[in-house]
$ cat my_file.cif   # mmCIF, C-alpha atoms and all ligand atoms
data_query
loop_
_atom_site.label_atom_id
_atom_site.label_comp_id
_atom_site.auth_asym_id
_atom_site.auth_seq_id
_atom_site.Cartn_x
_atom_site.Cartn_y
_atom_site.Cartn_z
CA MET A 1 17.94 32.03 -30.73
CA ILE A 2 17.99 34.31 -27.68
CA LYS A 3 14.87 35.62 -25.99
CA ARG A 4 14.88 38.21 -23.26
CA GLU A 5 11.79 37.16 -21.36
CA LEU A 6 10.60 33.97 -19.73
CA PRO A 7 8.69 31.43 -21.82
CA THR A 8 4.97 31.22 -21.15
CA ARG A 9 4.99 27.42 -21.52
CA ARG A 10 7.27 24.44 -22.22
CA VAL A 11 8.42 24.02 -25.84
CA GLN A 12 6.89 20.56 -25.98
CA SER A 13 4.60 19.09 -23.40
CA PHE A 14 3.53 15.47 -23.13
CA SER A 15 -0.09 16.60 -22.87
CA GLN A 16 0.05 17.80 -26.51
CA VAL A 17 0.56 14.26 -27.81
CA LEU A 18 -1.72 12.31 -25.47
CA ASP A 19 -4.34 11.43 -28.15
CA LYS A 20 -1.76 10.14 -30.60
CA VAL A 21 0.06 8.18 -27.91
CA ASN A 22 -3.18 6.69 -26.64
CA GLU A 23 -3.64 5.04 -30.05
CA ILE A 24 -0.13 3.55 -29.87
CA VAL A 25 -0.71 2.28 -26.33
CA GLU A 26 -4.07 0.68 -27.20
CA LYS A 27 -2.66 -1.02 -30.27
CA VAL A 28 0.09 -2.61 -28.18
CA ARG A 29 -2.46 -3.71 -25.60
CA LYS A 30 -4.51 -5.45 -28.33
CA GLU A 31 -1.85 -6.71 -30.71
CA GLY A 32 1.22 -7.24 -28.50
CA ASP A 33 4.47 -8.14 -30.29
CA ARG A 34 2.99 -7.50 -33.72
CA ALA A 35 2.37 -3.83 -32.81
CA LEU A 36 5.88 -3.49 -31.36
CA ARG A 37 7.41 -4.65 -34.63
CA GLU A 38 5.16 -2.36 -36.66
CA PHE A 39 5.97 0.75 -34.58
CA ALA A 40 9.72 -0.02 -34.57
CA LEU A 41 9.59 0.08 -38.35
CA GLN A 42 7.40 3.19 -38.47
CA PHE A 43 9.19 5.36 -35.87
CA ASP A 44 12.70 3.93 -35.66
CA ASN A 45 13.14 2.47 -39.11
CA VAL A 46 14.20 -0.82 -37.54
CA LYS A 47 13.08 -4.29 -38.59
CA LEU A 48 12.96 -6.13 -35.28
CA GLU A 49 13.19 -9.92 -35.36
CA GLU A 50 13.76 -10.81 -31.70
CA LEU A 51 12.03 -8.66 -29.08
CA VAL A 52 14.19 -9.97 -26.23
CA LEU A 53 17.98 -9.90 -26.34
CA SER A 54 19.51 -13.21 -25.33
CA GLU A 55 21.96 -13.36 -22.40
CA GLU A 56 24.60 -14.23 -24.95
CA GLN A 57 23.88 -11.11 -27.02
CA VAL A 58 24.10 -8.91 -23.92
CA ALA A 59 27.31 -10.59 -22.69
CA ASN A 60 28.83 -10.39 -26.15
CA ALA A 61 28.07 -6.66 -26.46
CA ALA A 62 29.30 -6.02 -22.90
CA SER A 63 32.65 -7.62 -23.74
CA LYS A 64 33.19 -4.93 -26.39
CA ILE A 65 33.16 -2.05 -23.89
CA LYS A 66 36.22 0.20 -24.03
CA PRO A 67 38.40 -0.23 -20.88
CA GLU A 68 38.28 3.48 -20.02
CA VAL A 69 34.47 3.52 -20.27
CA LYS A 70 34.26 0.40 -18.08
CA GLY A 71 36.58 2.09 -15.55
CA ALA A 72 34.41 5.23 -15.54
CA ILE A 73 31.24 3.21 -14.96
CA ASP A 74 32.84 1.29 -12.09
CA GLU A 75 34.01 4.55 -10.51
CA ILE A 76 30.58 6.21 -10.79
CA TRP A 77 28.85 3.05 -9.58
CA ASP A 78 30.33 3.34 -6.08
CA GLN A 79 29.37 7.01 -5.81
CA LEU A 80 25.72 6.31 -6.74
CA VAL A 81 25.62 3.37 -4.33
CA SER A 82 26.90 5.65 -1.51
CA PHE A 83 24.16 8.22 -2.16
CA HIS A 84 21.26 5.78 -2.33
CA GLU A 85 22.53 3.72 0.65
CA LEU A 86 22.64 6.95 2.67
CA ILE A 87 19.00 7.77 2.04
CA LYS A 88 17.57 4.24 2.14
CA PRO A 89 14.91 4.28 4.87
CA PRO A 90 15.05 1.74 7.70
CA SER A 91 12.00 -0.29 8.68
CA LEU A 92 10.75 1.27 11.92
CA GLY A 93 8.58 0.12 14.78
CA GLY A 94 7.18 1.75 17.90
CA GLY A 95 3.94 2.24 19.71
CA SER A 96 1.56 4.36 21.76
CA LYS A 97 -1.58 3.79 23.83
CA ASN A 98 -0.71 0.10 23.95
CA VAL A 99 -0.77 -0.25 20.17
CA GLU A 100 2.36 -1.69 18.63
CA TYR A 101 2.85 -0.34 15.10
CA GLY A 102 5.48 0.18 12.50
CA VAL A 103 6.40 0.26 8.88
CA LEU A 104 8.22 -2.31 6.77
CA TRP A 105 9.82 -0.92 3.61
CA ARG A 106 9.24 -3.68 1.08
CA PRO A 107 10.86 -3.69 -2.39
CA LEU A 108 8.77 -3.79 -5.55
CA GLU A 109 8.97 -7.22 -7.16
CA ARG A 110 9.29 -6.38 -10.83
CA VAL A 111 10.24 -3.04 -12.40
CA GLY A 112 10.75 -1.82 -15.94
CA ILE A 113 13.46 0.73 -16.67
CA TYR A 114 13.17 2.83 -19.81
CA VAL A 115 16.55 3.92 -21.16
CA PRO A 116 16.18 6.62 -23.82
CA GLY A 117 17.94 6.08 -27.10
CA GLY A 118 16.37 8.14 -29.84
CA LYS A 119 18.98 10.82 -30.47
CA LYS A 120 21.72 9.72 -28.07
CA SER A 121 22.56 6.63 -26.03
CA TYR A 122 22.05 6.91 -22.25
CA PRO A 123 23.99 4.24 -20.32
CA SER A 124 24.21 6.72 -17.44
CA THR A 125 20.41 6.59 -17.14
CA LEU A 126 20.42 2.82 -16.70
CA MET A 127 22.76 3.27 -13.75
CA MET A 128 20.64 6.08 -12.30
CA ALA A 129 17.57 3.83 -12.24
CA GLY A 130 19.14 0.40 -11.81
CA ILE A 131 21.37 1.14 -8.82
CA PRO A 132 18.59 2.43 -6.52
CA ALA A 133 16.42 -0.47 -7.70
CA ARG A 134 19.08 -2.97 -6.68
CA ILE A 135 19.74 -1.21 -3.37
CA ALA A 136 16.01 -1.38 -2.62
CA GLY A 137 16.12 -5.12 -3.27
CA VAL A 138 13.95 -5.32 -6.41
CA GLU A 139 13.88 -8.94 -7.56
CA GLU A 140 13.45 -8.50 -11.31
CA ILE A 141 14.64 -5.61 -13.44
CA HIS A 142 13.48 -5.42 -17.06
CA VAL A 143 14.99 -2.88 -19.44
CA ALA A 144 13.55 -1.40 -22.63
CA THR A 145 15.67 0.77 -24.91
CA PRO A 146 15.54 1.50 -28.64
CA VAL A 147 18.33 -0.38 -30.35
CA LYS A 148 19.51 0.10 -33.89
CA GLY A 149 21.87 -2.72 -34.82
CA GLU A 150 23.78 -3.94 -31.78
CA ILE A 151 23.05 -2.75 -28.23
CA ASP A 152 25.45 -0.10 -26.84
CA PRO A 153 28.29 -2.04 -25.08
CA ALA A 154 28.10 0.34 -22.09
CA ILE A 155 24.36 -0.35 -21.65
CA ALA A 156 25.03 -4.07 -22.00
CA TYR A 157 27.83 -3.93 -19.41
CA ILE A 158 25.62 -2.05 -16.91
CA ALA A 159 22.70 -4.44 -17.55
CA PHE A 160 25.06 -7.32 -16.82
CA LYS A 161 26.35 -5.66 -13.62
CA LEU A 162 22.78 -5.01 -12.49
CA ARG A 163 21.81 -8.63 -13.19
CA VAL A 164 18.96 -7.39 -15.39
CA LYS A 165 16.45 -10.13 -16.12
CA ARG A 166 15.62 -9.13 -19.70
CA VAL A 167 16.56 -6.41 -22.19
CA TYR A 168 14.00 -5.50 -24.87
CA PRO A 169 15.38 -3.60 -27.88
CA VAL A 170 12.23 -1.52 -28.12
CA GLY A 171 11.73 2.22 -27.60
CA GLY A 172 9.10 4.92 -27.49
CA ALA A 173 5.51 4.85 -26.25
CA GLN A 174 5.15 1.29 -27.52
CA ALA A 175 7.87 0.07 -25.14
CA ILE A 176 6.08 1.66 -22.19
CA ALA A 177 2.79 0.02 -23.19
CA ALA A 178 4.50 -3.36 -23.56
CA LEU A 179 6.02 -3.14 -20.05
CA ALA A 180 2.69 -2.02 -18.62
CA PHE A 181 0.45 -4.70 -20.15
CA GLY A 182 2.91 -7.42 -21.15
CA THR A 183 3.09 -8.96 -24.63
CA GLU A 184 4.11 -12.41 -25.89
CA SER A 185 7.78 -11.40 -25.42
CA VAL A 186 7.70 -8.60 -22.84
CA THR A 187 7.01 -9.26 -19.15
CA LYS A 188 4.42 -7.05 -17.43
CA VAL A 189 6.01 -5.06 -14.59
CA ASP A 190 4.67 -3.38 -11.44
CA LYS A 191 6.24 0.01 -12.08
CA ILE A 192 8.03 1.81 -14.92
CA VAL A 193 10.88 4.19 -14.17
CA GLY A 194 12.87 6.33 -16.55
CA PRO A 195 13.08 9.48 -18.64
CA GLY A 196 12.40 9.99 -22.31
CA ASN A 197 10.85 12.25 -24.89
CA VAL A 198 7.26 13.51 -24.88
CA TYR A 199 5.91 10.29 -26.46
CA VAL A 200 7.52 8.16 -23.78
CA GLN A 201 6.29 10.39 -20.96
CA ALA A 202 2.75 10.62 -22.39
CA ALA A 203 2.67 6.82 -22.51
CA LYS A 204 3.82 6.60 -18.89
CA PHE A 205 1.08 9.03 -17.91
CA ILE A 206 -1.56 6.92 -19.72
CA VAL A 207 -0.47 3.57 -18.27
CA SER A 208 -0.25 5.05 -14.76
CA GLN A 209 -3.96 4.26 -14.51
CA GLU A 210 -2.93 0.61 -14.23
CA ILE A 211 0.65 0.39 -12.98
CA GLY A 212 3.12 2.55 -11.06
CA ILE A 213 5.29 5.23 -12.66
CA ASP A 214 8.03 7.40 -11.22
CA GLY A 215 6.61 10.68 -12.56
CA ILE A 216 7.14 12.71 -15.70
CA GLU A 217 10.78 13.10 -16.76
CA GLY A 218 10.61 14.58 -20.20
CA PRO A 219 12.77 16.99 -22.18
CA THR A 220 15.58 18.43 -20.09
CA GLU A 221 15.26 21.74 -18.26
CA LEU A 222 17.93 23.98 -16.77
CA VAL A 223 17.47 27.28 -14.96
CA VAL A 224 20.67 29.09 -13.99
CA ILE A 225 20.63 31.95 -11.50
CA ALA A 226 23.83 33.97 -11.63
CA ASP A 227 25.36 37.29 -10.67
CA GLN A 228 28.29 39.43 -11.76
CA THR A 229 30.73 37.10 -9.94
CA SER A 230 29.82 34.10 -12.15
CA ASP A 231 31.92 32.96 -15.09
CA PRO A 232 29.99 33.64 -18.35
CA ARG A 233 31.87 30.92 -20.24
CA SER A 234 30.90 28.23 -17.72
CA ILE A 235 27.27 29.38 -17.78
CA ALA A 236 27.16 29.29 -21.59
CA LEU A 237 28.64 25.78 -21.50
CA ASP A 238 26.09 24.62 -18.90
CA LEU A 239 23.21 25.91 -21.05
CA MET A 240 24.61 24.45 -24.28
CA ALA A 241 25.30 21.16 -22.46
CA GLN A 242 21.64 20.65 -21.57
CA GLY A 243 20.72 21.86 -25.06
CA GLU A 244 22.52 18.77 -26.39
CA HIS A 245 19.49 16.68 -25.39
CA GLY A 246 17.48 18.22 -28.22
CA SER A 247 15.57 21.27 -29.30
CA SER A 248 12.84 20.64 -26.70
CA SER A 249 15.18 21.47 -23.80
CA LEU A 250 14.17 24.46 -21.68
CA LEU A 251 17.23 26.67 -21.10
CA VAL A 252 16.94 29.73 -18.87
CA LEU A 253 19.42 32.14 -17.33
CA MET A 254 18.28 34.77 -14.84
CA SER A 255 20.57 37.41 -13.45
CA ASN A 256 20.58 40.83 -11.83
CA SER A 257 23.55 41.73 -14.04
CA GLU A 258 22.84 42.95 -17.57
CA GLU A 259 26.56 42.78 -18.28
CA LEU A 260 26.68 39.06 -17.46
CA LEU A 261 23.60 38.34 -19.58
CA ASN A 262 25.19 40.10 -22.55
CA LYS A 263 28.48 38.23 -22.16
CA VAL A 264 26.69 34.86 -22.01
CA ALA A 265 24.57 35.80 -25.04
CA GLU A 266 27.74 36.28 -27.10
CA LEU A 267 29.01 32.82 -26.21
CA LEU A 268 25.92 30.75 -26.95
CA ASN A 269 25.51 28.70 -30.13
CA ASP A 270 22.35 28.95 -32.21
CA GLU A 271 21.30 25.32 -31.82
CA ASN A 272 18.66 26.00 -29.17
CA GLU A 273 16.35 28.65 -27.80
CA TYR A 274 17.81 30.37 -24.75
CA TYR A 275 15.90 32.60 -22.37
CA LEU A 276 18.18 35.23 -20.81
CA VAL A 277 16.22 37.32 -18.35
CA LYS A 278 17.19 40.32 -16.23
CA THR A 279 15.67 40.34 -12.74
CA GLU A 280 15.83 43.13 -10.21
CA ASN A 281 17.62 40.95 -7.71
CA LEU A 282 18.46 37.28 -7.06
CA GLU A 283 15.52 36.78 -4.70
CA THR A 284 13.13 37.66 -7.55
CA ALA A 285 14.95 35.16 -9.76
CA ILE A 286 14.41 32.44 -7.14
CA GLU A 287 10.71 33.31 -6.93
CA LEU A 288 10.39 32.93 -10.70
CA ALA A 289 12.36 29.68 -10.62
CA ASN A 290 9.99 28.35 -7.95
CA LYS A 291 7.12 29.01 -10.37
CA ILE A 292 8.89 27.21 -13.23
CA ALA A 293 9.87 24.31 -10.91
CA PRO A 294 12.75 23.32 -13.22
CA GLU A 295 14.40 19.94 -13.46
CA HIS A 296 17.93 21.33 -12.90
CA LEU A 297 18.49 24.54 -10.95
CA SER A 298 21.98 26.03 -10.84
CA LEU A 299 22.60 28.62 -8.12
CA TYR A 300 25.76 29.92 -9.70
CA THR A 301 26.30 32.90 -7.43
CA SER A 302 28.51 33.84 -4.50
CA ARG A 303 25.33 33.68 -2.34
CA SER A 304 24.29 30.16 -3.33
CA ARG A 305 24.15 28.73 0.24
CA GLU A 306 21.93 31.57 1.41
CA LEU A 307 19.64 31.37 -1.64
CA LEU A 308 19.32 27.59 -1.32
CA HIS A 309 16.92 28.12 1.60
CA LEU A 310 14.53 30.06 -0.62
CA VAL A 311 14.19 27.29 -3.20
CA LYS A 312 10.88 25.46 -2.99
CA ASN A 313 10.54 23.71 -6.33
CA ALA A 314 13.41 22.10 -8.28
CA GLY A 315 14.43 18.58 -9.26
CA ALA A 316 18.09 18.97 -8.28
CA ILE A 317 20.15 21.98 -7.29
CA THR A 318 23.81 22.64 -7.96
CA LEU A 319 25.59 25.18 -5.80
CA GLY A 320 28.20 27.75 -6.86
CA ASN A 321 30.60 26.70 -9.54
CA THR A 322 29.33 23.06 -9.60
CA PRO A 323 28.46 22.04 -13.18
CA PRO A 324 24.88 20.71 -13.48
CA ALA A 325 26.25 18.07 -15.87
CA LEU A 326 28.12 16.50 -12.95
CA ILE A 327 24.74 15.42 -11.55
CA ASP A 328 24.04 13.89 -14.96
CA TYR A 329 26.97 11.55 -14.45
CA SER A 330 28.85 11.19 -11.22
CA ALA A 331 27.97 13.50 -8.31
CA GLY A 332 25.77 10.88 -6.60
CA PRO A 333 22.15 12.16 -6.61
CA ASP A 334 20.03 10.93 -9.49
CA HIS A 335 19.76 12.57 -12.91
CA ILE A 336 16.27 11.16 -13.51
CA LEU A 337 14.43 14.30 -12.49
CA PRO A 338 10.90 15.73 -12.78
CA THR A 339 10.06 18.10 -15.64
CA ASN A 340 6.98 20.01 -16.83
CA GLY A 341 6.41 21.51 -13.38
CA TRP A 342 6.28 18.12 -11.67
CA ALA A 343 9.04 19.28 -9.32
CA ARG A 344 6.25 21.09 -7.44
CA PHE A 345 5.20 17.78 -5.96
CA ARG A 346 7.94 15.23 -6.43
CA GLY A 347 11.71 14.95 -6.61
CA GLY A 348 14.20 12.90 -8.58
CA VAL A 349 14.33 9.13 -8.60
CA THR A 350 15.67 7.60 -5.41
CA VAL A 351 15.67 4.24 -3.67
CA TYR A 352 12.17 5.24 -2.40
CA ASP A 353 10.80 4.75 -5.93
CA PHE A 354 11.49 1.05 -5.58
CA LEU A 355 10.16 0.62 -2.05
CA LYS A 356 6.72 0.79 -0.51
CA PRO A 357 5.90 1.30 3.16
CA VAL A 358 3.77 -1.56 4.46
CA SER A 359 2.43 -0.73 7.90
CA TYR A 360 1.51 -3.25 10.60
CA VAL A 361 -0.36 -3.12 13.86
CA ASN A 362 -0.71 -5.31 16.92
CA ALA A 363 -3.45 -3.85 19.12
CA GLU A 364 -4.43 -6.81 21.24
CA LYS A 365 -3.97 -4.78 24.42
CA VAL A 366 -5.02 -1.38 23.09
CA ASP A 367 -6.26 1.28 25.55
CA LYS A 368 -10.03 1.20 26.01
CA LYS A 369 -10.35 4.87 25.03
CA LEU A 370 -9.14 4.14 21.49
CA VAL A 371 -11.57 1.22 21.21
CA LYS A 372 -14.46 3.45 22.25
CA ALA A 373 -13.37 6.24 19.91
CA ALA A 374 -13.26 3.84 16.96
CA GLU A 375 -16.72 2.49 17.79
CA ILE A 376 -18.22 5.98 18.02
CA LEU A 377 -16.76 7.10 14.70
CA ALA A 378 -17.76 3.87 12.94
CA GLU A 379 -21.35 4.29 14.19
CA TYR A 380 -21.28 7.94 13.09
CA GLU A 381 -20.27 6.87 9.57
CA GLY A 382 -23.07 4.30 9.55
CA PHE A 383 -20.75 1.26 9.60
CA LYS A 384 -22.36 -0.79 12.32
CA HIS A 385 -20.45 -3.97 11.56
CA HIS A 386 -17.17 -2.07 11.75
CA ALA A 387 -18.20 -0.86 15.21
CA LYS A 388 -19.33 -4.30 16.31
CA SER A 389 -16.26 -6.11 14.98
CA ILE A 390 -14.15 -3.82 17.17
CA GLY A 391 -16.41 -3.78 20.22
CA VAL A 392 -16.81 -7.54 20.64
CA ARG A 393 -13.06 -8.00 20.91
CA TYR A 394 -12.51 -5.80 23.94
CA ASP A 395 -15.61 -6.30 26.10
N1 LIG B 1 14.18 14.54 -17.15
C1 LIG B 1 15.11 13.62 -17.09
O1 LIG B 1 15.39 13.07 -16.04
C2 LIG B 1 15.82 13.21 -18.35
C3 LIG B 1 16.97 12.41 -18.27
C4 LIG B 1 17.59 11.99 -19.46
C5 LIG B 1 17.04 12.37 -20.68
N2 LIG B 1 15.91 13.13 -20.71
C6 LIG B 1 15.26 13.48 -21.95
O2 LIG B 1 14.95 12.27 -22.64
C7 LIG B 1 14.74 12.59 -23.99
C8 LIG B 1 15.32 11.50 -24.87
O3 LIG B 1 14.66 11.60 -26.08
P1 LIG B 1 15.04 10.78 -27.37
O4 LIG B 1 14.04 11.15 -28.42
O5 LIG B 1 16.47 10.97 -27.69
O6 LIG B 1 14.88 9.25 -26.96
P2 LIG B 1 13.62 8.40 -26.44
O7 LIG B 1 14.15 7.02 -26.24
O8 LIG B 1 12.95 9.04 -25.30
O9 LIG B 1 12.59 8.38 -27.64
C9 LIG B 1 12.86 7.71 -28.81
C10 LIG B 1 11.61 6.99 -29.27
O10 LIG B 1 10.54 7.92 -29.52
C11 LIG B 1 9.67 7.37 -30.47
N3 LIG B 1 9.27 8.41 -31.42
C12 LIG B 1 10.07 9.26 -32.10
N4 LIG B 1 9.34 10.05 -32.91
C13 LIG B 1 8.02 9.69 -32.73
C14 LIG B 1 6.79 10.15 -33.26
N5 LIG B 1 6.74 11.16 -34.15
N6 LIG B 1 5.66 9.58 -32.83
C15 LIG B 1 5.68 8.58 -31.92
N7 LIG B 1 6.83 8.10 -31.38
C16 LIG B 1 7.99 8.65 -31.79
C17 LIG B 1 10.43 6.28 -31.21
O11 LIG B 1 9.79 5.06 -31.01
C18 LIG B 1 11.81 6.24 -30.55
O12 LIG B 1 12.25 4.93 -30.25
C19 LIG B 1 15.33 13.97 -24.24
O13 LIG B 1 14.28 14.90 -24.42
C20 LIG B 1 16.07 14.27 -22.93
O14 LIG B 1 16.09 15.63 -22.62
C21 LIG B 1 15.31 13.55 -19.57
N1 LIG B 2 20.61 16.03 -18.29
C1 LIG B 2 19.84 14.79 -18.33
C2 LIG B 2 18.67 14.98 -17.40
O1 LIG B 2 17.84 15.93 -17.90
C3 LIG B 2 20.64 13.59 -17.92
C4 LIG B 2 21.77 13.20 -18.81
C5 LIG B 2 22.17 11.95 -19.15
N2 LIG B 2 23.25 12.05 -19.94
C6 LIG B 2 23.54 13.32 -20.08
N3 LIG B 2 22.63 14.02 -19.38
ZN ZN B 3 22.30 16.15 -19.52
#
$ encode --input "my_file.cif" --output "structure tokens" --more "lines below"
Ligand SMILES: NC(=O)c1ccc[n+]([C@@H]2O[C@H](COP(=O)([O-])OP(=O)(O)OC[C@H]3O[C@@H](n4cnc5c(N)ncnc54)[C@H](O)[C@@H]3O)[C@@H](O)[C@H]2O)c1
Ligand SMILES: N[C@H](CO)Cc1c[nH]c[nH+]1
Ligand SMILES: [Zn+2]
Amino acid sequence: MIKRELPTRRVQSFSQVLDKVNEIVEKVRKEGDRALREFALQFDNVKLEELVLSEEQVANAASKIKPEVKGAIDEIWDQLVSFHELIKPPSLGGGSKNVEYGVLWRPLERVGIYVPGGKKSYPSTLMMAGIPARIAGVEEIHVATPVKGEIDPAIAYIAFKLRVKRVYPVGGAQAIAALAFGTESVTKVDKIVGPGNVYVQAAKFIVSQEIGIDGIEGPTELVVIADQTSDPRSIALDLMAQGEHGSSSLLVLMSNSEELLNKVAELLNDENEYYLVKTENLETAIELANKIAPEHLSLYTSRSRELLHLVKNAGAITLGNTPPALIDYSAGPDHILPTNGWARFRGGVTVYDFLKPVSYVNAEKVDKKLVKAAEILAEYEGFKHHAKSIGVRYD
């Protein structure tokens, strides 16, 4: 269905299902494995015996990967490694006023990666989370993904390559709760990373009171900004591509050309809702896109470089004729990207999601003025022992 104005809100937001998901999360906290089995039957129609796949099961599934798929994964692997190596921050040290200080980027010890698997299988997502985790130096990677029958050979192969500690064949909000609290079979992790549907994202939001999460990466969003120079067929394909993730995808095209909008409208299928909106000029389209803060933003115009500087809020941007779906697979930057407006305050997953800056100080010879300043402010705040503990050191 085609609409000619912008949506007033997301088709499906994780906040709409928070109450329901809270019940799932609490049941897993109380009942552990028993709840995981019950929910697998209820939501996925799967009777789960084992809640951890054995190394043998993973290796066996991995051996069934098709050679051309294995080749594609190996090719993409190097490209993702290059990107995350480039942006990995170095530990830094320096000083001023006779204080030596610095920051050590320390890896998280144990992370959980959620790999979606309700409607489609997402081996690419395991790479997008697992590679930056490995580059950061995370010790233990745990993976949860809904499995019906045997695990996808491509997921198994990537898990093997990443030296994943454990794979749990569990999906949905219940998998997130299990990784957050631990169960008899599932190991509690320090942070959960990964996209998924509204139930999965609502669960991440709830458990973020107790463990780390990477943000909200729910149903896919694409905003395309195009002009009369853009190819309508490619735009229609880009919109339909992101529509393949499900009917909750947000799919928007804005253009200053009515002719282009009409041509694209003729080419779209009727499997999704598409918002095709005429704007006075491309600058207005960028302003509106900044308000939406979409996951994917395609600047498919002859002025893409110039317009790039006006973008404030977007998960990832593709320039010119670059297909947004290339980011989904092999361009280098991550495809795990913020949705639901979260691109206003965070970006896609990077190596930073698996690192934390631990700062250190050696101030044994600090300038007297800083000592005095600290004492004055501590006294002002009413913390006399703070003031004294500083003062006695430097008399
Ligand atoms: N933003 C990103 O970075 C990004 C990346 C990849 C995929 N995605 C999105 O991930 C999503 C994947 O969704 P999916 O559904 O295919 O897989 P999923 O793995 O996220 O969810 C499947 C699970 O949802 C649970 N579930 C289904 N119906 C339920 C219900 N009524 N109540 C409670 N739980 C229920 C089930 O337990 C099932 O295992 C898509 O919306 C896609 O757009 C986003
Ligand atoms: N477009 C998704 C992010 O919204 C990522 C993806 C994975 N596979 C295909 N696409
Ligand atoms: Zn996609």
$ closest_residue --input "my_file.cif" --among "A:Leu355, A:His245, A:Arg393, A:Asn269" --to "ligand ZN 3 (chain B)" --atoms "all atoms listed in the file"
A:His245
$ closest_residue --input "my_file.cif" --among "A:Gly332, A:Gly348, A:Gly382, A:Pro323" --to "ligand LIG 1 (chain B)" --atoms "only C-alpha atoms and all ligand atoms"
A:Gly348
$ closest_atom_pairs --input "my_file.cif" --of "chain A" --to "ligand LIG 2 (chain B)" --cutoff "7 Å" --atoms "only C-alpha atoms and all ligand atoms" --output "tab-separated table"
residue	atom	partner	partner_atom	distance
A:Tyr122	CA	B:LIG2	N2	5.8
A:Ser124	CA	B:LIG2	C5	5.9
A:Thr125	CA	B:LIG2	C5	6.0
A:Pro219	CA	B:LIG2	O1	6.7
A:Thr220	CA	B:LIG2	O1	4.0
A:Glu221	CA	B:LIG2	O1	6.4
A:Gln242	CA	B:LIG2	N1	5.8
A:Glu295	CA	B:LIG2	O1	6.9
A:Ala325	CA	B:LIG2	N3	6.5
A:Asp328	CA	B:LIG2	C3	4.5
A:Tyr329	CA	B:LIG2	N2	6.7
A:His335	CA	B:LIG2	C3	5.2
A:Ile336	CA	B:LIG2	C2	6.0
A:Leu337	CA	B:LIG2	C2	6.5
$ residues_near_point --input "my_file.cif" --point "(16.8, 7.4, -4.7)" --cutoff "7 Å" --atoms "only C-alpha atoms" --output "mmCIF file with C-alpha atoms, in the coordinates of the input"
data_model
loop_
_atom_site.group_PDB
_atom_site.id
_atom_site.type_symbol
_atom_site.label_atom_id
_atom_site.label_comp_id
_atom_site.auth_asym_id
_atom_site.auth_seq_id
_atom_site.Cartn_x
_atom_site.Cartn_y
_atom_site.Cartn_z
ATOM 1 C CA HIS A 84 21.260 5.780 -2.330
ATOM 2 C CA PRO A 132 18.590 2.430 -6.520
ATOM 3 C CA ASP A 334 20.030 10.930 -9.490
ATOM 4 C CA VAL A 349 14.330 9.130 -8.600
ATOM 5 C CA THR A 350 15.670 7.600 -5.410
ATOM 6 C CA VAL A 351 15.670 4.240 -3.670
ATOM 7 C CA TYR A 352 12.170 5.240 -2.400
ATOM 8 C CA ASP A 353 10.800 4.750 -5.930
#
$ residues_around --input "my_file.cif" --residues "Pro195 (chain A)" --least-positions-apart "3" --cutoff "7 Å" --atoms "only C-alpha atoms" --output "CSV table (one decimal) with C-alpha atoms, in the coordinates of the input"
chain,number,residue,atom,x,y,z
A,114,TYR,CA,13.2,2.8,-19.8
A,116,PRO,CA,16.2,6.6,-23.8
A,217,GLU,CA,10.8,13.1,-16.8
A,218,GLY,CA,10.6,14.6,-20.2
A,336,ILE,CA,16.3,11.2,-13.5
$ atom_distance --input "my_file.cif" --atom1 "CA of Trp105 (chain A)" --atom2 "CA of Ser91 (chain A)"
5.6 Å
$ atom_distance --input "my_file.cif" --atom1 "CA of Asn197 (chain A)" --atom2 "CA of Gly118 (chain A)"
8.5 Å
$ closest_residue --input "my_file.cif" --among "A:Asn321, A:Ser121, A:Asn262, A:Ser255" --to "ligand ZN 3 (chain B)" --atoms "all atoms listed in the file"
A:Ser121
$ closest_residue --input "my_file.cif" --among "A:Gly117, A:Pro107, A:Pro7, A:Gly32" --to "ligand LIG 1 (chain B)" --atoms "all atoms listed in the file"
A:Gly117
$ decode --input "my_file.cif" --residues "region 80-86 of chain A" --atoms "N, CA and C atoms" --output "PDB file, in the first residue's frame"
ATOM      1  N   LEU A  80      34.937  -6.882   7.093  1.00  0.00           N
ATOM      2  CA  LEU A  80      34.431  -6.429   8.403  1.00  0.00           C
ATOM      3  C   LEU A  80      35.601  -6.250   9.371  1.00  0.00           C
ATOM      4  N   VAL A  81      36.560  -7.146   9.316  1.00  0.00           N
ATOM      5  CA  VAL A  81      37.743  -7.016  10.187  1.00  0.00           C
ATOM      6  C   VAL A  81      38.451  -5.692   9.877  1.00  0.00           C
ATOM      7  N   SER A  82      38.625  -5.374   8.585  1.00  0.00           N
ATOM      8  CA  SER A  82      39.318  -4.125   8.204  1.00  0.00           C
ATOM      9  C   SER A  82      38.611  -2.919   8.798  1.00  0.00           C
ATOM     10  N   PHE A  83      37.281  -2.893   8.698  1.00  0.00           N
ATOM     11  CA  PHE A  83      36.531  -1.735   9.206  1.00  0.00           C
ATOM     12  C   PHE A  83      36.707  -1.587  10.712  1.00  0.00           C
ATOM     13  N   HIS A  84      36.488  -2.683  11.444  1.00  0.00           N
ATOM     14  CA  HIS A  84      36.519  -2.564  12.911  1.00  0.00           C
ATOM     15  C   HIS A  84      37.950  -2.367  13.429  1.00  0.00           C
ATOM     16  N   GLU A  85      38.947  -2.916  12.734  1.00  0.00           N
ATOM     17  CA  GLU A  85      40.347  -2.658  13.121  1.00  0.00           C
ATOM     18  C   GLU A  85      40.666  -1.171  12.963  1.00  0.00           C
ATOM     19  N   LEU A  86      40.131  -0.586  11.870  1.00  0.00           N
ATOM     20  CA  LEU A  86      40.391   0.836  11.597  1.00  0.00           C
ATOM     21  C   LEU A  86      39.902   1.722  12.725  1.00  0.00           C
TER      22      LEU A  86
END
